[in-house]
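Reading through the structure tokens given below for one structure.
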Amino acid sequence: MTDSTTGTYSVISRANHWIVSLAFFGMLAVGFYLEYGGLTREARGPIMALHKATGTVLLIVVAWRVIWRLNQGFPASAAGSMPGWQILASKAVHLALLAAIVVMPLSGVIGSLSGGRPIDIYGLFMIPPFEKNEAIQSAAGFAHTVTAYVLTGLIAVHVAAAIKHHLIDKDATLVRMLTGRLATTEA
């Protein structure tokens with residue numbers, strides 16, 4: 001059975017969602033801190049190394065999550081009848097979130113490696129750099145930066161919609177992502 005046939009999210013789907021959500025929240029916070037925290041080059045180095053290692057590992061987790069989600073499909077809306085624009089917006093945001101969680105770590109890895117910098121995975125092993133290519137490095141850096149802002153906006157819309165469904169519409173949208181239950185929430 002898939003999520004699309006059961007009408008709710010399986011334990012694996014919920015775990016994928018929350019693990020990736022928390023990881024991206026942390027990675028975005030660290031990324032913005034690296035960018036705007038006023039850190040010295042010396043202070044930035046170890047944090048950046050952990051950010052790159054975690055982002056590289058996260059890329060593997062994200063690949064699993066996206067493949068799982070596309071294989072499972074999306075459950076039908078728990079909201080009952082929604083206006084067409086909300087259904088379209090929901091689908092667009094979910095697909096954009098899936099695309100952004102792939103682009104974000106992939107662009108970071110490509111940017112680092114094409115900049116001639118290896119990625120040290122927590123001291124366990126090293127991913128060697130590519131031959132330095134400033135055009136690829138620049139494009140990957142641009143994609144990484146833009147995706148950080150786009151992803152932040154998408155997350156805000158996603159969270160706001162989940163809260164709206166729970167508090168205003170009083171449907172099971174949030175409940176089924178938290179518990180897997182199909183029952184509607186009580187007022």
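Residues are named by chain letter and number: chains run A, B, ... in the order of the structure tokens, numbers start at 1 in each chain, and ligands are numbered from 1 in the order shown.
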Hey, which bits of range 50-156 of chain A sit within 12 Å of range 27-31 of chain A, and for each residue what's the closest pair of atoms and how far apart in Å (one decimal), counting only C-alpha atoms, rows by chain and increasing number, as CSV?
```
residue,atom,partner,partner_atom,distance
A:Leu50,CA,A:Val30,CA,9.7
A:His51,CA,A:Met27,CA,6.9
A:Lys52,CA,A:Met27,CA,9.6
A:Ala53,CA,A:Met27,CA,10.9
A:Thr54,CA,A:Met27,CA,8.1
A:Gly55,CA,A:Met27,CA,7.5
A:Thr56,CA,A:Met27,CA,11.3
A:Val57,CA,A:Met27,CA,11.8
A:Leu58,CA,A:Met27,CA,9.5
A:Leu59,CA,A:Met27,CA,11.9
A:Ile101,CA,A:Met27,CA,11.1
A:Met104,CA,A:Leu28,CA,9.7
A:Pro105,CA,A:Met27,CA,9.6
A:Gly108,CA,A:Gly31,CA,10.7
A:His144,CA,A:Gly31,CA,10.1
A:Thr145,CA,A:Gly31,CA,9.3
A:Thr147,CA,A:Leu28,CA,10.2
A:Ala148,CA,A:Leu28,CA,6.8
A:Tyr149,CA,A:Leu28,CA,9.1
A:Val150,CA,A:Leu28,CA,11.2
A:Leu151,CA,A:Leu28,CA,8.8
A:Thr152,CA,A:Leu28,CA,7.8
A:Gly153,CA,A:Leu28,CA,11.6
A:Ile155,CA,A:Leu28,CA,11.0
```
Could the residues of range 88-182 of chain A that have an atom at most 12 Å from range 1-6 of chain A be listed as JSON lines, each with its closest atom pair and the distance in Å to one decimal, counting only C-alpha atoms and ordered by chain and ascending residue number?
```
{"residue": "A:Arg176", "atom": "CA", "partner": "A:Asp3", "partner_atom": "CA", "distance": 11.0}
{"residue": "A:Met177", "atom": "CA", "partner": "A:Asp3", "partner_atom": "CA", "distance": 11.2}
{"residue": "A:Gly180", "atom": "CA", "partner": "A:Thr6", "partner_atom": "CA", "distance": 9.9}
{"residue": "A:Arg181", "atom": "CA", "partner": "A:Thr6", "partner_atom": "CA", "distance": 10.5}
{"residue": "A:Leu182", "atom": "CA", "partner": "A:Thr6", "partner_atom": "CA", "distance": 9.3}
```
Emit the selected residues as a CSV table (one decimal), in the first residue's frame, including N, CA and C atoms.
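Everything below was put into out-v2.csv:
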```
chain,number,residue,atom,x,y,z
A,176,ARG,N,-2.6,14.1,10.4
A,176,ARG,CA,-2.1,12.9,9.8
A,176,ARG,C,-0.6,12.9,9.5
A,177,MET,N,0.0,14.1,9.4
A,177,MET,CA,1.4,14.2,9.3
A,177,MET,C,2.1,14.0,10.6
A,180,GLY,N,-0.5,10.1,11.6
A,180,GLY,CA,-0.9,9.1,10.6
A,180,GLY,C,-2.4,8.8,10.6
A,181,ARG,N,-3.1,9.4,11.6
A,181,ARG,CA,-4.5,9.2,11.8
A,181,ARG,C,-5.3,10.0,10.7
A,182,LEU,N,-6.4,9.4,10.3
A,182,LEU,CA,-7.3,10.0,9.3
A,182,LEU,C,-8.3,10.9,9.9
```
Taking only range 31-163 of chain A into account, list the residues labelled alpha helix (DSSP H) by DSSP (computed from the backbone), as a ChimeraX atom specification. /A:31-36,41-72,84-114,134-163
Val157 in chain A proximity check over A:Ser77, A:Ser90, A:Asn16, A:Thr173, using only C-alpha atoms: winner is A:Ser90
Residue with the minimum atom-to-atom distance to Val66 in chain A, picked from A:Ala92, A:Ile87, A:Leu124, A:Val20 with only C-alpha atoms counted, is A:Val20
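Across the model, the gap from CA of Phe24 in chain A to CA of Phe130 in chain A is 25.8 Å.
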Min atom-atom distance to Ile60 in chain A from the set A:Asp120, A:Ile168, A:Ala161, A:Val109, counting only C-alpha atoms, belongs to A:Val109
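Restricting the calculation to only C-alpha atoms, the smallest distance between Ala139 in chain A and any of A:Val175, A:Gly115, A:Leu154, A:Ile121 is found for A:Gly115.
For range 115-148 of chain A, a DSSP pass over the backbone yields strand (DSSP E or B) at Ile119, Asp120, Ile121, Phe125, Met126 and Ile127 of chain A.
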